[in-house]
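What follows is a single structure, written as structure tokens, with notes after it.
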Amino acid sequence: MERIITYAKALSEAIDMCMAKDDKVYIMGLGVPDPSGFFGTTIGLQEKYGKMRAMDMPTSENGMTGVAIGSALTGMRPIMAHHRMEFALLATEQIINQAANWHYMFGGKSSMPLVIRMFIGRGWGQGPQHSQSLQAMFAHIPGLKVIMPATPYDAKGLMVSAIEDNNPVIFLEHRWLHTITGKVPEAIYRIPIGKANIARSGSDVTIVAFSYMVIEALFAANILMKLGIDAEVIDMRSIRPLDADAVLESVKKTGHLVVADQAWKTGGIAGEIIAIACEEAFGFLKAKPVRLTLPDFPSPSTPGLTRYYHPRAINIINSVLKMLGKNEKTEEELDIVQKSPLDIPNKEFKGPF
Amino acid sequence: MERIITYAKALSEAIDMCMAKDDKVYIMGLGVPDPSGFFGTTIGLQEKYGKMRAMDMPTSENGMTGVAIGSALTGMRPIMAHHRMEFALLATEQIINQAANWHYMFGGKSSMPLVIRMFIGRGWGQGPQHSQSLQAMFAHIPGLKVIMPATPYDAKGLMVSAIEDNNPVIFLEHRWLHTITGKVPEAIYRIPIGKANIARSGSDVTIVAFSYMVIEALFAANILMKLGIDAEVIDMRSIRPLDADAVLESVKKTGHLVVADQAWKTGGIAGEIIAIACEEAFGFLKAKPVRLTLPDFPSPSTPGLTRYYHPRAINIINSVLKMLGKNEKTEEELDIVQKSPLDIPNKEFKGPF
Amino acid sequence: MELKISDRQSYREYVNELKNGDLKLFYYDMLRIRLVEEKIAEIYPEQEMRCPVHLSVGQEAPAVGVCKALGKDDFALSTHRSHAHYLAKGGNLKAMLSELYGRETGCCGGKGGSMHLNDPSIGFYAVPIVGSTIPIGVGIALGFKIQNKSEVSVAFFGDAATEEGVLSESLNYAALCKLPVIFICENNLYSVYSPLSVRQPAERNLIDIAKAHGVEAFKCDGNDVVAVYNATTKAVEKARIGGGPTLLELSTYRYYEHCGTNFDNQLGYRSEEEFNLWKAKDPLKMLALKLVEDDNFKLEIEQMTKVINLEITDAFAFAKSAPYPDEASLFTHLYAK
Amino acid sequence: MELKISDRQSYREYVNELKNGDLKLFYYDMLRIRLVEEKIAEIYPEQEMRCPVHLSVGQEAPAVGVCKALGKDDFALSTHRSHAHYLAKGGNLKAMLSELYGRETGCCGGKGGSMHLNDPSIGFYAVPIVGSTIPIGVGIALGFKIQNKSEVSVAFFGDAATEEGVLSESLNYAALCKLPVIFICENNLYSVYSPLSVRQPAERNLIDIAKAHGVEAFKCDGNDVVAVYNATTKAVEKARIGGGPTLLELSTYRYYEHCGTNFDNQLGYRSEEEFNLWKAKDPLKMLALKLVEDDNFKLEIEQMTKVINLEITDAFAFAKSAPYPDEASLFTHLYAK
Ligand SMILES: Cc1ncc(C[n+]2csc(CCOP(=O)(O)OP(=O)(O)O)c2C)c(N)n1
Ligand SMILES: Cc1ncc(C[n+]2csc(CCOP(=O)(O)OP(=O)(O)O)c2C)c(N)n1
Ligand SMILES: [Mg+2]
Ligand SMILES: [Mg+2]
């Protein structure tokens, strides 16, 4: 089964299959029935399942999250979608105080199947209020699960798992991923939430990444290979639960750790992974661990600044080189200068998001 | 000047002095003019400064945060107070998207003097929605400052600095601290935001803490001294900006690091501090660093469970003993069994909060 | 006359036979709530119920009047002040008191405390974030509607909750989808110590706000349990047949302090006069007036009181002697299977 | 006739002398906004303005009618769709275009992009989170009131923003404190592709919502710049003397797609018929009708167009040739001193 489809198509397929299989599953969000259909992930759902199961909604993120939660208490399995994570901040109270707590605080008597999709990430000058990546905020909260798939295959399998999960799941989609392609089986399948994937095995250094940074990490690993360095790339896939074992096993093998996260450094998940490695694999690390993150500054709009703001493969490569005591290289030397502008996901993209 | 007053009084004095000095300073919050006056920190302000400068407000946390922000744009210096951090979650959008970003995203053209006080912490069965400590969430955000004073002296000096700061400051008060006492000068004074304090110097181990955990850490350090271990206690005072230098200097000296934070482990600030130590003082650490935090579970109500939930001095002591290769002890052996129940700040407290 | 009422169930059977049986049950349920709350107030100072409590004494009529109009499978959502709602909806008294005592027999296994009473089997949840259960109540109604069920959902909230924007969002969506939800605002004039005047402009009118959002709305005397029952019954009937949401604003008053078990008029945030005015139209008193024609009613009240007190004594004994949850249960129920 | 209008300033001076001078200035400002927006639409496909843009073509009258009623020290708060408001309030065109081009000469130094136009010196801020500037506008009014200033604050927002609960919170507080704030809802019938009918119940009425919160409110033809100006002027006068807030709902329509620079009627989310209906009452056309009695007006329009186009050409050239901010500026302005 060598079918190649996009990440967006993989997601749309997962949602569609789950809706077909279980009439308790429904999806709501601003613009779910739009022609653009959440980057193509919700197109056709309203035609197929009707307005009550694929619904537009008022611009009332807080209230509508409460509505989704309430419906879950009657056995429904809501999927809520937000075009930008920032809009979901209006619903923080419902997500953190309510959704995350109900199962525990009511002594296990109620469950809360709920998927909240939020788009994150960079590009095309969206700037300070439309391209923040606040995954750490949600990953800090017990009771939530937080998923950040990087590949079409994972997107489908993890979306199915998220929808079938009886807990609130924050499903984060970097908007540069929707157009990438990969092998995806046609049948329904599940990927367990909380299990990392060894995206590339290697022996010299461990590169941990998730979501879009996996793409950069794999690219970096290929270049590193040419430089004689065999990197292991771990795609965390979920950041809560966090698969510490996968990280630790790899670090114990390689003795070197680089973590790449397209989010702020201080209090971010990259730091968490480094802390775990230091606590649990102390003595195995042969060099100080490094995290590659956004600098601790708001997200600027102009391509004049975003080019310096986002860590890329070259930064990963140089972190590894430095860690291994080698000389750093430029993109020119490595012949990996990107031809299309750095603020768009691919040459075809004509803006805006 | 050996005046001893409570943490609450120190705060109330700081607010009063700033209001007297600058008529742009005002305070708003649900119950500001209440007889209980935010644990005694706002009593008398309305009588003195009138209803427009010491104001009650509608239960509209999101809107009122926007109102505070707007007023700051006209030169006012608002202080907003929340009895529980959970209520402020309704205002996450205004705090994170707006307050934190405006100075940067408008190219430095506007400033946002704004203090948001939130009470955090444990006690008297408040449970899952009234005793969460979400400091990591705010400490992750560039543009915010996050202060967590542990002593009456710091409370006053940091509150003055916060009010005079031209940026949004999240001022977190653990509700077990308001009744503690300490030396506080009568005159106005400032403590720089972002500078840690060596609360106790020592050479064998570094214990990093902030807010209420500083009290437990100092207690632990005293016991450790009796056991022949000389602990350095660093009171971070602010968690953003985070005084990494203070931590690193100490760790380079002691080679041992314990971080105590009354918040969840995963994605918490304790992990951030450990990550920094591992990145920047790699090679100086003689044992794996340890963090003492809440377990990654919601905050339960019953004293039957909270006794196991919150890290205390004994846990710090044993972490240190273990790290130094010594035998762990019980509270009985150390003769530090607490006589009053573990869910109240002191014997006098008769509940509820 | 000797009544054969040895427990709540048999009292129910007994009054069902009588004329005015419904009203007597209303009385019985209100009295039971009041006696439970007063018992809590009495022994809270023992410091064994180690969680914040918000008593409903004075506000029994909204709880009973509304819940009597509901079926077991209808849902009611409540707030920090939920004891009355929980009991009126059919919550288990032992589970409630156990929860206040933090015991493993509590309705949250001790994890929630007084502010998180719940029982999914009778359609009841309460949480203490002001306003937050309003949209959840709407969502339950959405769930019923999508599933073509005839159940309705009720969201109880206080006057302060009407200041949260989420009410407006909830009204809008409920009206948009004609959802079977009933918004019950118990206006007791205060939010903690703050009177309405410092929180809402004088010109503001909740009924008009609801109507302007497309939600039918009525005011109703919240001390008159029968009026509350009738208004709710109408709203429920309408909701069940797809007629959409209704909001009821019930005037009411709490007797005790906001949180805790003392009387606090001496603080001066409300006047003794106002307090006495409201006590004069106490919901139990008002209902008793309707029932006095029935000669035996005074006697019945005595009997009821006895029966209820027996139940209460029993339930407190049960709660107090139940064990705390064990350490292991701290680590259970993080995720649902 | 040859008019001596070589720049905006001299055109102002010129028309100030004439009868109908005000109306001509209204026209001039609306035309300028439209020509700027159309120029953006024309060259956006060059892909040098690398940020999302939301054009205001069709919605010039609310911007100009409202801002003409304001003084320089009054504040206006806006949204994702802020070009018109920024220009009408007196924002600098070069700084705006530079910001769209991400240059260091932009009004945010390139950090914000089209959605964050601002200029504190003329009292203007815009951010693209729907509804979020509404309470900020109220807060500015609070600041004025505490400081006994006579300035007013205006919050512009769209019809979708009325679904955010924060509007209700803002209305309540503005009315409670009688704040000098004017709420301007530009109802253009759509939120992105979503018509009102999928977001708000038919019975819903924004004017009544405002009134029920204690805020005076009026509907007004948002294509009639004079009507908008008059309604706003009344609201401003009232606000300046402590009379409290007003809400105006202005009917209007956007011509371009929600975000971006194409026409998108072909998608089918709105009908060609509806579109043409609105174009028939285009705000510039409507105002021109009022001015036709003046024989020279057609000629004046041509002259104005020339002047404005010169300004626009100049401003684009300025923006395009300005440098990007340097790397170091990424790390400036995190905290204010
Ligand atoms: C969002 C939020 N803000 C503030 C509080 C603190 N608080 C607890 S109860 C209460 C008063 C609520 O008043 P009302 O809704 O009228 O209910 P009542 O207590 O009168 O029954 C407040 C403000 C809270 N629990 N949640
Ligand atoms: C809180 C929030 N939710 C969603 C969005 C996405 N969004 C951007 S513009 C827009 C439509 C707003 O419609 P309206 O307020 O009517 O203004 P218009 O675009 O019609 O001028 C939406 C939903 C947002 N920016 N902020
Ligand atoms: Mg009340
Ligand atoms: Mg619109």
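Convention: chains lettered A, B, ... in structure tokens order; per-chain residue numbering from 1; ligands numbered from 1 as shown.
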
Distance cut-off 8 Å, counting only C-alpha atoms - which residues of chain D neighbour chain B? Return them as a ChimeraX atom specification.
/D:107-112,116-120,132-144,146,166-167,169-170,173,332-337

At most 6 Å from ligand 4 (only C-alpha atoms and all ligand atoms): residue list as a list in words:
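Those within range of ligand 4 are Gly158, Asp159, Ala160, Asn187, Asn188, Leu189, Tyr190 and Ser191 of chain D.
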
Hey, could you make a per-residue contact list for chain C against ligand 1 with 9 Å as the cut-off, showing the nearest pair of atoms and its distance in Å to one decimal, counting only C-alpha atoms and all ligand atoms, sorted by chain and number, as a Markdown table?
| residue | atom | partner | partner_atom_place_in_ligand_line | distance |
| --- | --- | --- | --- | --- |
| C:His54 | CA | ligand 1 | 19 (O) | 7.5 |
| C:Leu55 | CA | ligand 1 | 21 (O) | 8.7 |
| C:Ser56 | CA | ligand 1 | 21 (O) | 7.8 |
| C:Gln59 | CA | ligand 1 | 21 (O) | 8.9 |
| C:Thr79 | CA | ligand 1 | 17 (O) | 7.8 |
| C:His80 | CA | ligand 1 | 9 (S) | 6.2 |
| C:Arg81 | CA | ligand 1 | 21 (O) | 5.7 |
| C:Ser82 | CA | ligand 1 | 21 (O) | 8.8 |
| C:Val127 | CA | ligand 1 | 25 (N) | 8.7 |
| C:Pro128 | CA | ligand 1 | 25 (N) | 5.1 |
| C:Ile129 | CA | ligand 1 | 26 (N) | 3.8 |
| C:Val130 | CA | ligand 1 | 26 (N) | 3.8 |
| C:Gly131 | CA | ligand 1 | 1 (C) | 6.5 |
| C:Ser132 | CA | ligand 1 | 1 (C) | 7.3 |
| C:Phe157 | CA | ligand 1 | 15 (O) | 5.9 |
| C:Gly158 | CA | ligand 1 | 15 (O) | 3.3 |
| C:Asp159 | CA | ligand 1 | 16 (O) | 3.9 |
| C:Ala160 | CA | ligand 1 | 15 (O) | 3.6 |
| C:Ala161 | CA | ligand 1 | 15 (O) | 4.4 |
| C:Thr162 | CA | ligand 1 | 15 (O) | 7.3 |
| C:Glu163 | CA | ligand 1 | 15 (O) | 8.6 |
| C:Glu164 | CA | ligand 1 | 1 (C) | 7.6 |
| C:Cys185 | CA | ligand 1 | 15 (O) | 8.5 |
| C:Glu186 | CA | ligand 1 | 21 (O) | 7.1 |
| C:Asn187 | CA | ligand 1 | 16 (O) | 6.3 |
| C:Asn188 | CA | ligand 1 | 20 (O) | 5.5 |
| C:Leu189 | CA | ligand 1 | 16 (O) | 6.8 |
| C:Tyr190 | CA | ligand 1 | 20 (O) | 5.1 |
| C:Ser191 | CA | ligand 1 | 13 (O) | 3.6 |
| C:Val192 | CA | ligand 1 | 11 (C) | 4.9 |
| C:Tyr193 | CA | ligand 1 | 11 (C) | 8.4 |
| C:Ser194 | CA | ligand 1 | 11 (C) | 8.5 |
| C:Leu196 | CA | ligand 1 | 16 (O) | 8.8 |
| C:Tyr253 | CA | ligand 1 | 20 (O) | 8.2 |
| C:Arg254 | CA | ligand 1 | 20 (O) | 7.5 |
| C:His258 | CA | ligand 1 | 19 (O) | 5.9 |
| C:Cys259 | CA | ligand 1 | 9 (S) | 7.9 |

Let me make sure I understand: among D:Gln47, D:Leu330, D:Glu38, D:Ser168, which one has the smallest atom-to-atom distance to Ala210 of chain C if we use only C-alpha atoms?
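Of D:Gln47, D:Leu330, D:Glu38, D:Ser168, the one nearest Ala210 of chain C is D:Ser168, counting only C-alpha atoms.
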
Pull out every residue of chain C sitting within 6 Å of chain D, counting only C-alpha atoms, and send them as a JSON list (two decimals) with N, CA, C and O atoms, in the first residue's frame.
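Output below, filename result-v3.json:
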[["chain", "number", "residue", "atom", "x", "y", "z"],
["C", 165, "GLY", "N", -18.70, 37.26, 30.54],
["C", 165, "GLY", "CA", -19.07, 37.29, 29.13],
["C", 165, "GLY", "C", -19.59, 35.96, 28.62],
["C", 165, "GLY", "O", -20.36, 35.90, 27.66],
["C", 166, "VAL", "N", -19.18, 34.89, 29.29],
["C", 166, "VAL", "CA", -19.57, 33.58, 28.80],
["C", 166, "VAL", "C", -21.09, 33.40, 28.86],
["C", 166, "VAL", "O", -21.65, 32.59, 28.11],
["C", 168, "SER", "N", -23.29, 35.62, 27.88],
["C", 168, "SER", "CA", -23.76, 36.14, 26.60],
["C", 168, "SER", "C", -23.45, 35.15, 25.47],
["C", 168, "SER", "O", -24.29, 34.87, 24.60],
["C", 169, "GLU", "N", -22.26, 34.57, 25.49],
["C", 169, "GLU", "CA", -21.91, 33.57, 24.48],
["C", 169, "GLU", "C", -22.85, 32.37, 24.55],
["C", 169, "GLU", "O", -23.25, 31.80, 23.53],
["C", 175, "ALA", "N", -29.76, 30.06, 21.78],
["C", 175, "ALA", "CA", -30.85, 30.57, 20.94],
["C", 175, "ALA", "C", -30.63, 30.19, 19.48],
["C", 175, "ALA", "O", -31.55, 29.78, 18.78],
["C", 176, "LEU", "N", -29.38, 30.31, 19.05],
["C", 176, "LEU", "CA", -29.06, 29.99, 17.65],
["C", 176, "LEU", "C", -29.50, 28.57, 17.29],
["C", 176, "LEU", "O", -30.07, 28.32, 16.25],
["C", 200, "GLN", "N", -22.95, 46.31, 38.51],
["C", 200, "GLN", "CA", -23.83, 46.39, 37.34],
["C", 200, "GLN", "C", -24.53, 47.74, 37.35],
["C", 200, "GLN", "O", -24.97, 48.20, 38.40],
["C", 201, "PRO", "N", -24.65, 48.37, 36.18],
["C", 201, "PRO", "CA", -25.35, 49.66, 36.15],
["C", 201, "PRO", "C", -26.82, 49.47, 36.51],
["C", 201, "PRO", "O", -27.40, 48.42, 36.26],
["C", 203, "GLU", "N", -29.37, 50.60, 35.17],
["C", 203, "GLU", "CA", -30.26, 50.42, 34.01],
["C", 203, "GLU", "C", -30.21, 49.00, 33.47],
["C", 203, "GLU", "O", -30.99, 48.63, 32.59],
["C", 204, "ARG", "N", -29.28, 48.23, 33.93],
["C", 204, "ARG", "CA", -29.10, 46.91, 33.36],
["C", 204, "ARG", "C", -30.27, 46.00, 33.73],
["C", 204, "ARG", "O", -30.77, 46.02, 34.84],
["C", 205, "ASN", "N", -30.64, 45.14, 32.78],
["C", 205, "ASN", "CA", -31.78, 44.28, 33.00],
["C", 205, "ASN", "C", -31.52, 42.92, 32.37],
["C", 205, "ASN", "O", -31.48, 42.77, 31.15],
["C", 208, "ASP", "N", -34.04, 41.59, 29.80],
["C", 208, "ASP", "CA", -33.89, 42.19, 28.47],
["C", 208, "ASP", "C", -32.64, 41.70, 27.77],
["C", 208, "ASP", "O", -32.62, 41.56, 26.54],
["C", 209, "ILE", "N", -31.58, 41.47, 28.52],
["C", 209, "ILE", "CA", -30.35, 40.95, 27.90],
["C", 209, "ILE", "C", -30.65, 39.61, 27.25],
["C", 209, "ILE", "O", -30.32, 39.36, 26.09],
["C", 212, "ALA", "N", -32.87, 40.05, 24.20],
["C", 212, "ALA", "CA", -32.15, 40.65, 23.07],
["C", 212, "ALA", "C", -31.24, 39.62, 22.40],
["C", 212, "ALA", "O", -30.87, 39.76, 21.23],
["C", 213, "HIS", "N", -30.90, 38.56, 23.13],
["C", 213, "HIS", "CA", -30.13, 37.46, 22.54],
["C", 213, "HIS", "C", -31.05, 36.42, 21.91],
["C", 213, "HIS", "O", -30.57, 35.39, 21.42],
["C", 214, "GLY", "N", -32.35, 36.64, 21.99],
["C", 214, "GLY", "CA", -33.27, 35.68, 21.41],
["C", 214, "GLY", "C", -33.67, 34.57, 22.37],
["C", 214, "GLY", "O", -34.13, 33.50, 21.94]]

Could you make a table, as JSON lines, of the residues of chain B that have an atom within 6 Å of an atom of chain A, each with its nearest atom pair and distance in Å to one decimal, counting only C-alpha atoms, in chain and number order?
{"residue": "B:Leu89", "atom": "CA", "partner": "A:Glu93", "partner_atom": "CA", "distance": 5.0}
{"residue": "B:Leu90", "atom": "CA", "partner": "A:Glu93", "partner_atom": "CA", "distance": 5.3}
{"residue": "B:Thr92", "atom": "CA", "partner": "A:Leu89", "partner_atom": "CA", "distance": 5.9}
{"residue": "B:Glu93", "atom": "CA", "partner": "A:Leu89", "partner_atom": "CA", "distance": 5.0}
{"residue": "B:Asn97", "atom": "CA", "partner": "A:Gln129", "partner_atom": "CA", "distance": 5.9}
{"residue": "B:Gln129", "atom": "CA", "partner": "A:Asn97", "partner_atom": "CA", "distance": 5.9}
{"residue": "B:Met137", "atom": "CA", "partner": "A:Met137", "partner_atom": "CA", "distance": 5.2}
{"residue": "B:His140", "atom": "CA", "partner": "A:Gly267", "partner_atom": "CA", "distance": 4.8}
{"residue": "B:Pro142", "atom": "CA", "partner": "A:Phe297", "partner_atom": "CA", "distance": 5.3}
{"residue": "B:Thr266", "atom": "CA", "partner": "A:His140", "partner_atom": "CA", "distance": 5.5}
{"residue": "B:Gly267", "atom": "CA", "partner": "A:His140", "partner_atom": "CA", "distance": 4.8}
{"residue": "B:Ile269", "atom": "CA", "partner": "A:Gly267", "partner_atom": "CA", "distance": 5.9}
{"residue": "B:Gly271", "atom": "CA", "partner": "A:Ala275", "partner_atom": "CA", "distance": 5.4}
{"residue": "B:Glu272", "atom": "CA", "partner": "A:Gly271", "partner_atom": "CA", "distance": 5.5}
{"residue": "B:Ile274", "atom": "CA", "partner": "A:Ala275", "partner_atom": "CA", "distance": 5.6}
{"residue": "B:Ala275", "atom": "CA", "partner": "A:Ala275", "partner_atom": "CA", "distance": 4.8}
{"residue": "B:Glu279", "atom": "CA", "partner": "A:Lys288", "partner_atom": "CA", "distance": 5.3}
{"residue": "B:Phe282", "atom": "CA", "partner": "A:Lys288", "partner_atom": "CA", "distance": 5.5}
{"residue": "B:Lys288", "atom": "CA", "partner": "A:Glu279", "partner_atom": "CA", "distance": 5.3}
{"residue": "B:Pro289", "atom": "CA", "partner": "A:Glu279", "partner_atom": "CA", "distance": 5.7}
{"residue": "B:Asp296", "atom": "CA", "partner": "A:Pro142", "partner_atom": "CA", "distance": 5.5}
{"residue": "B:Phe297", "atom": "CA", "partner": "A:Pro142", "partner_atom": "CA", "distance": 5.3}

Taking the chain letters and numbering used in this document, name the residues of segment 98-188 of chain D that DSSP puts in strand (DSSP E or B), as a PDB file with C-alpha atoms, in the first residue's frame.
ATOM      1  CA  ASN D 118      -0.569  51.853  15.584  1.00  0.00           C
ATOM      2  CA  ASP D 119       0.422  55.394  16.342  1.00  0.00           C
ATOM      3  CA  PHE D 124      -4.477  54.630  17.500  1.00  0.00           C
ATOM      4  CA  TYR D 125      -3.916  50.917  18.105  1.00  0.00           C
ATOM      5  CA  ALA D 126      -5.083  47.847  16.215  1.00  0.00           C
ATOM      6  CA  SER D 153     -12.217  56.544  23.219  1.00  0.00           C
ATOM      7  CA  VAL D 154     -13.685  54.613  20.308  1.00  0.00           C
ATOM      8  CA  ALA D 155     -13.647  50.854  19.851  1.00  0.00           C
ATOM      9  CA  PHE D 156     -14.183  49.670  16.280  1.00  0.00           C
ATOM     10  CA  PHE D 157     -15.191  46.044  15.840  1.00  0.00           C
ATOM     11  CA  GLY D 158     -17.008  43.788  13.411  1.00  0.00           C
ATOM     12  CA  VAL D 181     -16.353  55.316  25.158  1.00  0.00           C
ATOM     13  CA  ILE D 182     -18.142  54.781  21.869  1.00  0.00           C
ATOM     14  CA  PHE D 183     -18.638  51.255  20.608  1.00  0.00           C
ATOM     15  CA  ILE D 184     -18.677  51.118  16.824  1.00  0.00           C
ATOM     16  CA  CYS D 185     -19.877  47.859  15.328  1.00  0.00           C
ATOM     17  CA  GLU D 186     -19.319  47.635  11.595  1.00  0.00           C
ATOM     18  CA  ASN D 187     -21.794  45.005  10.600  1.00  0.00           C
TER      19      ASN D 187
END

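Here atom CA of Asp16 of chain B stands at a distance of 17.9 Å from atom CA of Val169 of chain B.
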
Spatial neighbours of segment 215-218 of chain A, max dist 8 Å, only C-alpha atoms, sep filter under 4 positions, as a PyMOL selection string
chain A and resi 150+199-200+207+209+211+222+233+260+312-313+316

Would you pick out the contacts of Phe316 of chain C at 9 Å or less, using only C-alpha atoms, so that residues sharing its chain but fewer than 6 positions from it are not included, and give the list as a list of chain:residue names?
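Using only C-alpha atoms, the neighbours found are C:Leu93, C:Lys94, C:Leu97, C:Ser98.
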
File of the preceding selection, N, CA and C atoms, as a PDB file, in the first residue's frame:
ATOM      1  N   LEU C  93     -27.038  12.031  50.163  1.00  0.00           N
ATOM      2  CA  LEU C  93     -26.571  12.850  51.284  1.00  0.00           C
ATOM      3  C   LEU C  93     -25.274  12.316  51.888  1.00  0.00           C
ATOM      4  N   LYS C  94     -25.196  10.999  51.999  1.00  0.00           N
ATOM      5  CA  LYS C  94     -23.967  10.427  52.574  1.00  0.00           C
ATOM      6  C   LYS C  94     -22.753  10.733  51.707  1.00  0.00           C
ATOM      7  N   LEU C  97     -21.877  14.489  52.286  1.00  0.00           N
ATOM      8  CA  LEU C  97     -21.199  14.784  53.556  1.00  0.00           C
ATOM      9  C   LEU C  97     -19.820  14.139  53.591  1.00  0.00           C
ATOM     10  N   SER C  98     -19.729  12.944  53.064  1.00  0.00           N
ATOM     11  CA  SER C  98     -18.412  12.295  53.007  1.00  0.00           C
ATOM     12  C   SER C  98     -17.432  13.167  52.224  1.00  0.00           C
TER      13      SER C  98
END

Env of Tyr229 of chain C: 7 Å cut, atoms = only C-alpha atoms, seq-sep filter 2 positions within chain, self excluded. Answer as a ChimeraX atom specification.
/C:65-66,68-69,225-227,231-233

Could you save those same residues with N, CA and C atoms as a compact mmCIF listing (two decimals), in the first residue's frame?
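What follows is the written file again36.txt:
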# COMPACT_ATOMS: atom_id res chain seq x y z
N GLY C 65 -37.71 24.10 43.64
CA GLY C 65 -38.70 24.43 42.60
C GLY C 65 -38.22 24.03 41.22
N VAL C 66 -36.97 24.27 40.93
CA VAL C 66 -36.43 23.91 39.61
C VAL C 66 -36.30 22.40 39.49
N LYS C 68 -37.64 19.94 41.01
CA LYS C 68 -38.89 19.17 40.98
C LYS C 68 -39.49 19.14 39.58
N ALA C 69 -39.13 20.12 38.77
CA ALA C 69 -39.66 20.16 37.41
C ALA C 69 -38.82 19.32 36.45
N VAL C 225 -41.62 28.70 46.09
CA VAL C 225 -41.20 27.47 45.43
C VAL C 225 -42.21 27.03 44.37
N VAL C 226 -43.48 27.32 44.61
CA VAL C 226 -44.49 26.89 43.65
C VAL C 226 -44.36 27.72 42.37
N ALA C 227 -44.14 29.00 42.52
CA ALA C 227 -43.96 29.85 41.35
C ALA C 227 -42.72 29.40 40.56
N ALA C 231 -42.91 28.03 36.74
CA ALA C 231 -42.15 28.69 35.67
C ALA C 231 -41.19 27.70 35.03
N THR C 232 -40.54 26.91 35.85
CA THR C 232 -39.58 25.94 35.31
C THR C 232 -40.30 24.88 34.49
N THR C 233 -41.42 24.42 35.01
CA THR C 233 -42.16 23.38 34.29
C THR C 233 -42.52 23.86 32.88

If I take atom CA of Ala84 of chain D and atom CA of Ala63 of chain D, how far is one from the other in Å, to one decimal?
5.8 Å

Taking 6 positions as the minimum chain separation for residues in the same chain, which residues sit within 9 Å of segment 154-163 of chain A when counting only C-alpha atoms? Answer as a PyMOL selection string.
chain A and resi 7-15+17-18+25+77-79+113-115+145+147-148+169-171+173+184+188-193+237

Neighbouring residues of segment 279-296 of chain C were defined as those with any atom within 12 Å, considering only C-alpha atoms; residues of the same chain fewer than 2 positions away were excluded. Please report them as an MDAnalysis selection string.
chainID C and resid 1:3 18:35 56:65 221:228 251:256 272:277 298:304
